[in-house]
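Visitor: Here you go, protein_31.cif (mmCIF, C-alpha atoms):
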data_start
#
loop_
_atom_site.label_atom_id
_atom_site.label_comp_id
_atom_site.auth_asym_id
_atom_site.auth_seq_id
_atom_site.Cartn_x
_atom_site.Cartn_y
_atom_site.Cartn_z
CA MET A 1 158.39 88.35 94.98
CA ALA A 2 156.66 88.02 91.61
CA VAL A 3 152.89 88.33 91.80
CA ASN A 4 150.82 85.62 90.19
CA THR A 5 147.25 84.50 90.56
CA GLU A 6 148.23 82.03 93.29
CA ASN A 7 149.83 84.42 95.75
CA ALA A 8 147.26 87.11 94.88
CA ALA A 9 144.50 84.60 95.67
CA ALA A 10 146.23 83.71 98.94
CA ALA A 11 146.33 87.37 99.93
CA VAL A 12 142.64 87.82 99.09
CA GLN A 13 141.79 84.69 101.10
CA ASP A 14 143.77 86.03 104.07
CA TRP A 15 141.94 89.35 103.87
CA LEU A 16 138.53 87.68 103.58
CA ARG A 17 139.24 85.41 106.55
CA GLU A 18 140.35 88.33 108.67
CA ASN A 19 137.68 90.84 107.68
CA VAL A 20 134.62 89.09 106.30
CA THR A 21 134.18 85.36 106.78
CA GLY A 22 135.24 84.99 110.40
CA GLY A 23 138.15 82.68 109.61
CA ARG A 24 136.34 80.55 107.04
CA GLU A 25 137.97 79.91 103.66
CA VAL A 26 135.82 80.16 100.55
CA ALA A 27 136.28 78.27 97.30
CA GLU A 28 138.14 80.30 94.71
CA ASP A 29 135.22 80.25 92.30
CA TYR A 30 132.58 80.92 94.97
CA ALA A 31 130.35 83.85 93.97
CA LEU A 32 131.28 86.40 96.64
CA ILE A 33 128.83 89.11 95.67
CA ASP A 34 125.91 87.01 94.47
CA ASN A 35 126.06 85.08 97.73
CA GLY A 36 126.32 88.18 99.87
CA VAL A 37 129.80 87.40 101.22
CA LEU A 38 131.24 90.67 99.99
CA THR A 39 129.25 93.91 100.07
CA SER A 40 130.21 96.81 97.87
CA LEU A 41 131.35 98.70 100.96
CA GLN A 42 133.70 95.86 101.93
CA THR A 43 134.96 95.80 98.38
CA VAL A 44 136.21 99.36 98.82
CA GLU A 45 138.27 98.16 101.79
CA LEU A 46 139.52 95.17 99.82
CA VAL A 47 140.58 97.40 96.93
CA THR A 48 142.47 99.66 99.31
CA PHE A 49 144.20 96.62 100.79
CA LEU A 50 145.15 95.23 97.37
CA GLU A 51 146.47 98.59 96.17
CA ASP A 52 148.68 98.91 99.24
CA ARG A 53 149.81 95.31 99.30
CA PHE A 54 150.67 94.95 95.60
CA ASP A 55 151.41 98.57 94.76
CA ILE A 56 148.79 98.62 92.02
CA MET A 57 146.04 101.03 91.04
CA VAL A 58 142.56 99.66 90.42
CA GLU A 59 140.86 101.94 87.94
CA GLU A 60 137.24 102.98 88.48
CA ASP A 61 136.15 101.17 85.34
CA GLU A 62 137.57 97.93 86.74
CA PHE A 63 135.58 98.34 89.91
CA ASP A 64 132.67 96.08 89.07
CA GLU A 65 131.05 92.79 89.95
CA GLU A 66 132.85 91.00 87.13
CA ASN A 67 136.32 91.71 88.52
CA PHE A 68 135.34 91.25 92.15
CA GLY A 69 132.85 88.38 91.79
CA SER A 70 135.16 85.65 93.13
CA VAL A 71 138.59 85.12 94.64
CA GLN A 72 139.68 83.80 91.26
CA ALA A 73 138.50 86.93 89.44
CA ILE A 74 140.10 89.28 91.97
CA ALA A 75 143.39 87.40 91.82
CA GLY A 76 143.28 87.52 88.03
CA LEU A 77 142.80 91.28 88.10
CA VAL A 78 145.71 91.76 90.51
CA ALA A 79 147.99 89.48 88.52
CA SER A 80 147.14 91.25 85.26
CA LYS A 81 148.20 94.56 86.81
CA THR A 82 151.52 93.31 88.07
CA SER A 83 152.68 91.25 85.11
CA MET B 1 124.87 95.76 82.47
CA LYS B 2 128.40 97.06 81.94
CA ALA B 3 128.66 100.71 82.88
CA VAL B 4 131.55 103.16 82.97
CA ILE B 5 132.32 106.52 84.56
CA ARG B 6 132.36 109.42 82.15
CA SER B 7 133.02 113.10 82.55
CA LEU B 8 129.85 115.12 82.10
CA GLU B 9 131.88 118.12 80.91
CA GLU B 10 133.32 116.00 78.10
CA ASN B 11 130.02 114.25 77.36
CA PRO B 12 127.31 116.93 77.60
CA GLU B 13 124.94 114.75 75.59
CA LEU B 14 124.48 112.74 78.81
CA LEU B 15 122.94 115.68 80.66
CA PRO B 16 119.30 114.71 79.88
CA GLY B 17 120.17 111.33 81.37
CA VAL B 18 121.11 113.03 84.63
CA ASP B 19 117.73 114.79 84.67
CA LYS B 20 116.01 111.46 84.14
CA LEU B 21 118.13 109.76 86.82
CA ARG B 22 116.99 112.35 89.36
CA THR B 23 113.34 111.45 88.77
CA LEU B 24 114.13 107.75 89.15
CA VAL B 25 116.03 108.24 92.41
CA TYR B 26 113.54 110.76 93.85
CA PRO B 27 110.20 109.88 92.20
CA ASN B 28 108.16 111.46 95.00
CA HIS B 29 109.98 114.78 95.07
CA PRO B 30 108.21 117.30 92.79
CA GLU B 31 111.39 119.38 92.43
CA ALA B 32 113.16 116.36 90.89
CA TYR B 33 111.12 116.97 87.75
CA ASP B 34 112.02 120.66 87.56
CA VAL B 35 114.80 120.49 85.00
CA GLY B 36 114.97 124.27 84.57
CA TRP B 37 115.51 124.89 88.24
CA HIS B 38 118.30 122.31 88.52
CA SER B 39 119.90 123.71 85.40
CA SER B 40 119.87 127.19 86.93
CA VAL B 41 121.54 125.92 90.11
CA TRP B 42 124.32 124.22 88.13
CA GLY B 43 124.76 127.38 86.05
CA TRP B 44 125.10 129.39 89.24
CA LEU B 45 127.69 126.95 90.62
CA GLU B 46 129.68 127.36 87.41
CA ARG B 47 129.80 131.12 88.04
CA HIS B 48 131.60 130.63 91.36
CA PRO B 49 135.17 132.01 91.15
CA LEU B 50 136.36 128.39 91.26
CA GLY B 51 133.65 127.25 88.84
CA ASP B 52 136.21 126.05 86.28
CA GLU B 53 137.45 123.54 88.82
CA MET B 54 134.03 122.01 89.43
CA ARG B 55 133.70 118.50 87.98
CA ARG B 56 130.70 116.31 87.30
CA TRP B 57 130.84 112.59 86.55
CA VAL B 58 128.19 110.15 85.51
CA VAL B 59 127.99 106.39 85.30
CA ALA B 60 126.61 105.49 81.89
CA THR B 61 125.66 102.07 80.56
CA GLU B 62 126.61 100.81 77.12
CA ASP B 63 123.15 101.97 75.98
CA GLY B 64 123.87 105.49 77.16
CA GLU B 65 121.56 105.33 80.19
CA VAL B 66 122.83 107.42 83.10
CA VAL B 67 122.68 105.34 86.30
CA GLY B 68 124.87 107.41 88.59
CA HIS B 69 126.03 110.98 89.15
CA LEU B 70 128.40 112.88 91.39
CA ALA B 71 129.86 116.39 91.33
CA ALA B 72 132.85 117.96 93.05
CA VAL B 73 131.95 121.50 94.11
CA PRO B 74 134.93 123.68 95.08
CA GLN B 75 134.99 126.36 97.72
CA TYR B 76 137.57 128.44 99.55
CA TYR B 77 138.14 127.84 103.24
CA ARG B 78 140.37 129.53 105.75
CA ILE B 79 142.07 126.88 107.89
CA ASP B 80 144.68 127.94 110.44
CA GLY B 81 144.89 131.27 108.64
CA GLU B 82 145.66 129.60 105.31
CA ARG B 83 143.41 129.94 102.26
CA VAL B 84 142.73 126.45 100.92
CA VAL B 85 140.38 124.99 98.34
CA ALA B 86 138.27 122.03 99.39
CA TYR B 87 135.58 120.18 97.47
CA THR B 88 132.16 118.95 98.49
CA PRO B 89 130.66 115.83 96.92
CA ALA B 90 127.33 117.01 95.53
CA ASP B 91 124.18 115.51 94.02
CA TYR B 92 125.38 111.94 94.65
CA GLN B 93 122.93 109.52 93.08
CA ALA B 94 123.00 105.95 91.84
CA LEU B 95 120.30 103.53 90.82
CA PRO B 96 119.87 100.30 92.81
CA GLY B 97 122.09 97.60 91.39
CA TYR B 98 124.95 99.97 90.67
CA GLY B 99 126.49 100.03 94.14
CA PHE B 100 129.94 99.26 92.81
CA HIS B 101 129.74 102.18 90.44
CA ALA B 102 128.56 104.44 93.25
CA PHE B 103 131.80 103.65 95.07
CA ALA B 104 133.78 104.12 91.93
CA LEU B 105 132.23 107.59 91.55
CA MET B 106 133.27 108.56 95.04
CA ARG B 107 136.75 107.20 94.44
CA ARG B 108 136.95 109.40 91.37
CA PHE B 109 135.90 112.33 93.55
CA PHE B 110 138.61 111.71 96.14
CA ARG B 111 141.27 111.23 93.51
CA TYR B 112 140.35 114.59 92.04
CA ALA B 113 139.73 116.45 95.28
CA GLY B 114 142.71 116.43 97.62
CA ASN B 115 140.72 118.30 100.24
CA CYS B 116 137.12 117.60 101.13
CA VAL B 117 134.54 119.27 103.35
CA SER B 118 131.16 117.61 103.36
CA SER B 119 128.03 117.97 105.43
CA ASP B 120 125.79 114.96 105.16
CA GLN B 121 123.07 113.04 106.94
CA VAL B 122 122.69 110.08 104.57
CA GLU B 123 124.34 107.15 106.33
CA GLU B 124 125.19 105.29 103.13
CA ALA B 125 126.90 108.31 101.58
CA MET B 126 128.84 109.01 104.75
CA ALA B 127 129.93 105.38 104.93
CA VAL B 128 131.42 105.65 101.45
CA GLU B 129 133.09 108.96 102.21
CA THR B 130 134.68 107.67 105.39
CA LYS B 131 135.87 104.46 103.72
CA LEU B 132 137.68 106.66 101.24
CA GLY B 133 139.45 108.82 103.77
CA ALA B 134 137.10 111.54 105.05
CA GLU B 135 136.68 111.69 108.81
CA PRO B 136 133.71 112.92 110.82
CA ALA B 137 134.61 116.14 112.61
CA GLY B 138 131.35 116.18 114.54
CA LYS B 139 127.67 116.83 114.21
CA LEU B 140 125.98 120.11 113.39
CA GLN B 141 123.06 121.34 115.46
CA TYR B 142 119.55 121.24 114.01
CA ALA B 143 117.28 123.70 115.77
CA ALA B 144 113.68 124.35 114.85
CA LYS B 145 110.97 126.62 116.13
CA VAL B 146 107.27 126.22 115.46
CA LEU B 147 105.58 129.56 114.86
CA ASP B 148 102.11 128.40 113.91
CA VAL B 149 100.89 125.08 115.27
CA SER B 150 97.70 125.27 113.18
CA GLN B 151 99.80 124.84 110.01
CA LEU B 152 101.72 121.75 111.06
CA PRO B 153 101.72 119.12 108.30
CA ARG B 154 99.80 115.91 109.02
CA LEU B 155 97.39 117.89 111.16
CA PRO B 156 93.75 117.13 110.29
CA LYS B 157 92.19 120.13 108.56
CA ALA B 158 89.29 120.08 111.01
CA ALA B 159 91.66 120.66 113.92
CA ARG B 160 93.30 123.72 112.43
CA PRO B 161 90.77 126.41 113.42
CA ALA B 162 90.92 125.19 117.01
CA LEU B 163 94.66 125.78 117.00
CA TRP B 164 94.42 129.34 115.83
CA LEU B 165 94.20 130.56 119.42
CA PRO B 166 97.25 128.62 120.67
CA SER B 167 99.20 130.00 117.73
CA ARG B 168 98.25 133.55 118.72
CA ALA B 169 99.32 132.75 122.27
CA LEU B 170 102.64 131.42 120.96
CA ARG B 171 103.18 134.66 119.13
CA ALA B 172 102.47 136.67 122.28
CA VAL B 173 104.98 134.56 124.20
CA ASP B 174 107.57 135.12 121.48
CA TYR B 175 106.94 138.84 121.63
CA THR B 176 107.49 138.91 125.37
CA LEU B 177 110.55 136.64 125.17
CA GLY B 178 111.99 138.74 122.39
CA ARG B 179 111.64 141.99 124.30
CA ALA B 180 113.48 140.56 127.26
CA PHE B 181 116.00 138.75 125.12
CA GLY B 182 117.42 140.99 122.50
CA GLY B 183 119.04 143.85 124.37
CA ASP B 184 119.43 147.29 122.90
CA LEU B 185 121.28 146.52 119.70
CA GLU B 186 119.48 147.70 116.62
CA VAL B 187 119.03 145.25 113.79
CA GLN B 188 118.59 146.61 110.29
CA GLU B 189 118.00 145.11 106.90
CA VAL B 190 121.17 145.09 104.82
CA GLY B 191 120.92 146.23 101.21
CA SER B 192 124.17 144.80 99.90
CA PHE B 193 127.27 142.95 101.00
CA ASP B 194 129.66 145.91 101.05
CA ASP B 195 133.32 146.13 102.08
CA SER B 196 132.37 146.00 105.76
CA PHE B 197 131.69 142.27 105.23
CA ASP B 198 135.34 141.80 104.17
CA THR B 199 136.56 143.46 107.34
CA PHE B 200 134.06 141.44 109.35
CA PHE B 201 135.18 138.16 107.80
CA GLU B 202 138.86 138.85 108.46
CA LYS B 203 138.09 139.52 112.12
CA VAL B 204 136.24 136.19 112.32
CA ALA B 205 138.97 134.28 110.47
CA ALA B 206 141.63 135.75 112.73
CA GLU B 207 140.05 134.07 115.74
CA VAL B 208 138.27 130.99 114.40
CA PRO B 209 140.63 128.28 113.07
CA CYS B 210 138.23 126.85 110.46
CA VAL B 211 135.70 128.82 108.46
CA PRO B 212 134.35 128.87 104.90
CA GLU B 213 135.74 131.99 103.25
CA LYS B 214 132.66 134.19 103.49
CA ASP B 215 134.00 137.52 102.34
CA ALA B 216 131.82 140.06 100.54
CA ALA B 217 132.51 138.51 97.13
CA PHE B 218 131.43 135.10 98.33
CA LEU B 219 128.27 136.44 99.95
CA ARG B 220 127.35 138.37 96.79
CA TRP B 221 127.71 135.15 94.80
CA ARG B 222 126.00 133.02 97.44
CA TYR B 223 122.93 135.22 97.88
CA GLY B 224 123.13 137.54 94.88
CA SER B 225 121.60 137.60 91.42
CA GLY B 226 121.25 134.17 89.86
CA SER B 227 121.65 132.34 93.16
CA PRO B 228 118.90 129.88 94.11
CA HIS B 229 118.60 132.08 97.22
CA GLU B 230 118.70 135.54 95.74
CA ARG B 231 115.38 136.28 97.41
CA THR B 232 116.62 136.33 100.97
CA THR B 233 116.44 138.88 103.73
CA VAL B 234 119.79 139.94 105.14
CA LEU B 235 119.87 141.49 108.59
CA GLY B 236 122.83 143.27 110.13
CA VAL B 237 123.88 144.70 113.47
CA ARG B 238 126.44 147.46 113.56
CA GLY B 239 128.29 149.09 116.43
CA ALA B 240 131.11 151.53 116.95
CA GLU B 241 133.59 148.88 115.75
CA GLY B 242 131.66 148.27 112.53
CA LEU B 243 129.61 145.23 111.55
CA LEU B 244 128.98 143.03 114.59
CA GLY B 245 127.00 140.31 112.87
CA TYR B 246 124.53 139.40 110.17
CA ALA B 247 121.83 136.86 109.44
CA VAL B 248 120.44 135.49 106.18
CA LEU B 249 116.77 134.47 106.13
CA ARG B 250 115.10 132.42 103.42
CA VAL B 251 111.42 131.65 103.03
CA THR B 252 110.81 128.64 100.78
CA GLN B 253 108.96 129.01 97.48
CA GLU B 254 105.86 127.45 99.05
CA GLY B 255 106.02 130.07 101.80
CA ASP B 256 105.62 127.63 104.68
CA ASN B 257 109.20 127.06 105.83
CA GLY B 258 111.71 129.58 107.05
CA TYR B 259 115.42 128.79 106.88
CA LEU B 260 117.97 130.68 108.88
CA LEU B 261 120.77 130.04 106.40
CA ASP B 262 123.44 131.97 108.21
CA LEU B 263 123.87 133.84 111.45
CA THR B 264 127.44 134.92 112.10
CA THR B 265 128.73 137.41 114.60
CA LEU B 266 132.13 138.60 115.66
CA PRO B 267 133.56 136.02 118.08
CA GLY B 268 131.98 136.33 121.49
CA ARG B 269 129.30 138.86 120.51
CA ARG B 270 126.45 136.85 121.98
CA ASP B 271 124.45 140.04 122.36
CA ALA B 272 124.54 140.55 118.59
CA ALA B 273 123.55 136.92 118.03
CA ARG B 274 120.58 137.33 120.36
CA ALA B 275 119.45 140.53 118.67
CA LEU B 276 119.68 138.93 115.23
CA LEU B 277 117.86 135.83 116.41
CA ARG B 278 115.04 137.86 117.90
CA GLU B 279 114.62 139.90 114.74
CA ALA B 280 114.89 136.81 112.51
CA VAL B 281 112.01 135.16 114.39
CA ARG B 282 109.97 138.34 114.11
CA ARG B 283 110.59 138.51 110.34
CA PHE B 284 109.69 134.87 109.84
CA GLN B 285 106.50 135.41 111.81
CA GLY B 286 105.68 138.34 109.56
CA ALA B 287 106.30 136.17 106.49
CA GLY B 288 103.74 133.64 107.75
CA VAL B 289 105.97 130.57 107.92
CA TYR B 290 104.88 127.87 110.35
CA ILE B 291 108.39 126.69 111.24
CA VAL B 292 111.93 128.08 111.34
CA ARG B 293 114.76 125.67 110.65
CA TYR B 294 118.37 126.38 111.54
CA ARG B 295 121.36 124.08 111.03
CA PHE B 296 124.67 125.31 112.37
CA ASN B 297 127.74 124.50 114.40
CA GLU B 298 127.73 126.10 117.82
CA SER B 299 130.78 128.35 117.99
CA PRO B 300 131.85 131.76 119.30
CA THR B 301 130.34 133.25 116.12
CA SER B 302 126.93 131.56 116.42
CA PRO B 303 124.03 131.91 118.83
CA ALA B 304 124.43 129.81 121.96
CA VAL B 305 122.29 126.67 122.13
CA GLY B 306 120.94 127.92 125.45
CA ASP B 307 119.81 131.18 123.85
CA LEU B 308 118.01 129.29 121.10
CA ARG B 309 116.22 127.20 123.70
CA ARG B 310 115.22 130.35 125.54
CA MET B 311 113.78 131.67 122.29
CA GLY B 312 111.61 128.57 121.97
CA PHE B 313 113.75 126.54 119.59
CA PHE B 314 113.88 122.80 120.09
CA PHE B 315 116.68 120.54 118.91
CA ARG B 316 116.17 117.61 116.57
CA GLU B 317 118.72 114.95 117.48
CA GLY B 318 117.80 112.47 114.78
CA ARG B 319 118.19 114.82 111.83
CA ARG B 320 121.59 116.27 112.49
CA HIS B 321 124.16 116.59 109.71
CA THR B 322 127.71 115.37 110.19
CA LEU B 323 130.62 117.49 109.08
CA LEU B 324 133.20 115.30 107.35
CA VAL B 325 136.63 116.52 106.40
CA LYS B 326 139.75 115.37 104.63
CA PHE B 327 142.77 117.58 104.05
CA GLU B 328 145.96 116.37 102.39
CA ASP B 329 148.06 118.48 104.74
CA ARG B 330 148.08 116.60 108.04
CA GLY B 331 148.34 119.78 110.07
CA LEU B 332 145.30 121.32 108.40
CA HIS B 333 143.44 118.05 108.70
CA LYS B 334 144.12 117.85 112.41
CA THR B 335 142.73 121.35 112.91
CA ALA B 336 139.69 120.74 110.70
CA HIS B 337 138.94 117.39 112.29
CA ASP B 338 137.15 118.95 115.25
CA THR B 339 133.94 120.94 115.09
CA ALA B 340 135.13 122.92 118.11
CA ASN B 341 137.40 124.72 115.63
CA TRP B 342 134.68 125.49 113.10
CA SER B 343 132.31 128.34 112.41
CA TYR B 344 129.74 126.83 110.07
CA SER B 345 126.15 127.49 109.05
CA ALA B 346 123.96 125.56 106.63
CA GLY B 347 124.09 128.39 104.10
CA ASP B 348 127.86 128.16 103.89
CA GLY B 349 127.95 125.06 101.79
CA GLU B 350 126.34 122.58 99.45
CA MET B 351 123.95 121.17 102.05
CA SER B 352 121.68 124.20 101.58
CA PHE B 353 122.11 124.84 97.85
CA TRP B 354 119.11 122.70 97.00
CA VAL B 355 116.68 124.42 99.39
CA ARG B 356 114.04 125.98 97.14
#
Now, as a test, write the supplied structure out as structure tokens.
Guide:
Amino acid sequence: MAVNTENAAAAVQDWLRENVTGGREVAEDYALIDNGVLTSLQTVELVTFLEDRFDIMVEEDEFDEENFGSVQAIAGLVASKTS
Amino acid sequence: MKAVIRSLEENPELLPGVDKLRTLVYPNHPEAYDVGWHSSVWGWLERHPLGDEMRRWVVATEDGEVVGHLAAVPQYYRIDGERVVAYTPADYQALPGYGFHAFALMRRFFRYAGNCVSSDQVEEAMAVETKLGAEPAGKLQYAAKVLDVSQLPRLPKAARPALWLPSRALRAVDYTLGRAFGGDLEVQEVGSFDDSFDTFFEKVAAEVPCVPEKDAAFLRWRYGSGSPHERTTVLGVRGAEGLLGYAVLRVTQEGDNGYLLDLTTLPGRRDAARALLREAVRRFQGAGVYIVRYRFNESPTSPAVGDLRRMGFFFREGRRHTLLVKFEDRGLHKTAHDTANWSYSAGDGEMSFWVR
């Protein structure tokens, strides 16, 4: 299956529902870090999940609040690595 | 502000930024401002036989400000009879607001270091390490013994003379306990780590599944010239079968704290451990320290917890370090992932390198 921002976003939403939000969906542009939804520790877990799921490698320099600030941003990062 | 991880070896111009970072992270620690001392410790670490494999990384902003630091310090271990190199994350610091970069630093560490042995008590650091694959093997013991109650910090100065007498009484009790406790083994000061320490280490490693490789060469580096702990007292007990055990004693620069950095005996030689413990306490008393601190993993090569209690040590539950391990080889990891398999003292690794 080709990876695009849509199925990457769906995977991130699934992970957030299961591990962070208690089943609640968040808007794709919702500020995850600014609003305290995602801590930096949880982001480590999310990165590990994304690397395993999409067979990608997130570089240390990409590991910042810009790339992980929203579902949209995370999905964009994943899609850019698989295109 | 955008910040990136950079190798300190490749960007030595960032070193002053690391010195500044330390003062920002630990503003109330006088030693944080002692650039020369920290520089000497890093120089000593570079002189380790594996010094070329040590790595240091910083997080630097676009303006060149250093906002994070982490080092990978290598060391030899003997696990299941196999010599392996494992790394310890060292001097891990990040300014508030750079949490993501702190994780990125630790990720860089684990990508570089296939094997990791770490002893930590900072919850946040341990949380990062465990998220990235290290597993807690168990907690180390933290024993302490007060030698002079009149010198306890936070004690009003006016109360100190009144406590002189109890301190003398404490000393008399220690003397009596020590006489009954130590047996007949003779403890002597050791002048150098000679070949007998190689033989001793091999005997230990043959019976203990996990141990830092503390042969004579390591001990000469660890406590020899240029080490932050070159001014230590080394005690040894010998018998017909050679060296039975040794202890390394360190009095801090301020002269008030005594650290028992290492006390290792041949497996099962509790009599040697007792004799060394008794003499260590006597030496620390003579040096005038008010407290002896000893962090270790109870094992067949260490004093027994019960013996420490009998010698007047108490155990501090809240300040115990956790030993965390990660080995790429699953078999080695399984063995290392249990403190019951370890012989380990504070002096064996990075947790004690910064004791002044």
Visitor: Just say which residues the PyMOL selection byres ((chain A) within 6 of (chain B)) picks in this file, as a PyMOL selection string.
Guide: chain A and resi 40+60-61+64
Visitor: For this file, the PyMOL selection byres ((chain B and resi 265-273) around 12) selects which residues, as a compact mmCIF listing (two decimals) with C-alpha atoms, in the frame of the given file?
Guide:
# COMPACT_ATOMS: atom_id res chain seq x y z
CA PHE B 181 116.00 138.75 125.12
CA GLY B 182 117.42 140.99 122.50
CA GLY B 183 119.04 143.85 124.37
CA ASP B 184 119.43 147.29 122.90
CA LEU B 185 121.28 146.52 119.70
CA GLU B 186 119.48 147.70 116.62
CA VAL B 187 119.03 145.25 113.79
CA GLN B 188 118.59 146.61 110.29
CA PHE B 197 131.69 142.27 105.23
CA THR B 199 136.56 143.46 107.34
CA PHE B 200 134.06 141.44 109.35
CA PHE B 201 135.18 138.16 107.80
CA GLU B 202 138.86 138.85 108.46
CA LYS B 203 138.09 139.52 112.12
CA VAL B 204 136.24 136.19 112.32
CA ALA B 205 138.97 134.28 110.47
CA ALA B 206 141.63 135.75 112.73
CA GLU B 207 140.05 134.07 115.74
CA VAL B 208 138.27 130.99 114.40
CA PRO B 209 140.63 128.28 113.07
CA LEU B 235 119.87 141.49 108.59
CA GLY B 236 122.83 143.27 110.13
CA VAL B 237 123.88 144.70 113.47
CA ARG B 238 126.44 147.46 113.56
CA GLY B 239 128.29 149.09 116.43
CA GLU B 241 133.59 148.88 115.75
CA GLY B 242 131.66 148.27 112.53
CA LEU B 243 129.61 145.23 111.55
CA LEU B 244 128.98 143.03 114.59
CA GLY B 245 127.00 140.31 112.87
CA TYR B 246 124.53 139.40 110.17
CA ALA B 247 121.83 136.86 109.44
CA VAL B 248 120.44 135.49 106.18
CA ASP B 262 123.44 131.97 108.21
CA LEU B 263 123.87 133.84 111.45
CA THR B 264 127.44 134.92 112.10
CA ARG B 274 120.58 137.33 120.36
CA ALA B 275 119.45 140.53 118.67
CA LEU B 276 119.68 138.93 115.23
CA LEU B 277 117.86 135.83 116.41
CA ARG B 278 115.04 137.86 117.90
CA GLU B 279 114.62 139.90 114.74
CA ALA B 280 114.89 136.81 112.51
CA GLU B 298 127.73 126.10 117.82
CA SER B 299 130.78 128.35 117.99
CA PRO B 300 131.85 131.76 119.30
CA THR B 301 130.34 133.25 116.12
CA SER B 302 126.93 131.56 116.42
CA PRO B 303 124.03 131.91 118.83
CA ALA B 304 124.43 129.81 121.96
CA VAL B 305 122.29 126.67 122.13
CA GLY B 306 120.94 127.92 125.45
CA ASP B 307 119.81 131.18 123.85
CA LEU B 308 118.01 129.29 121.10
CA MET B 311 113.78 131.67 122.29
CA TRP B 342 134.68 125.49 113.10
CA SER B 343 132.31 128.34 112.41
CA TYR B 344 129.74 126.83 110.07
CA SER B 345 126.15 127.49 109.05
Visitor: Using the chain letters and numbers from this file, what does the PyMOL selection byres ((chain A and resi 74) around 12) select? Give the answer as an MDAnalysis selection string.
Guide: chainID A and resid 4:13 16 28:33 43 46:47 50 58 62:73 75:81
Visitor: For Ala137 in chain B, which of B:Ser119, B:Ser196, B:Gln285, B:Phe313 is the closest residue, counting only C-alpha atoms?
Guide: B:Ser119
Visitor: Closest to Glu59 in chain A among B:His337, B:Lys145, B:Arg111, B:His229, using all atoms listed in the file?
Guide: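 Closest residue, counting all atoms listed in the file: B:Arg111.
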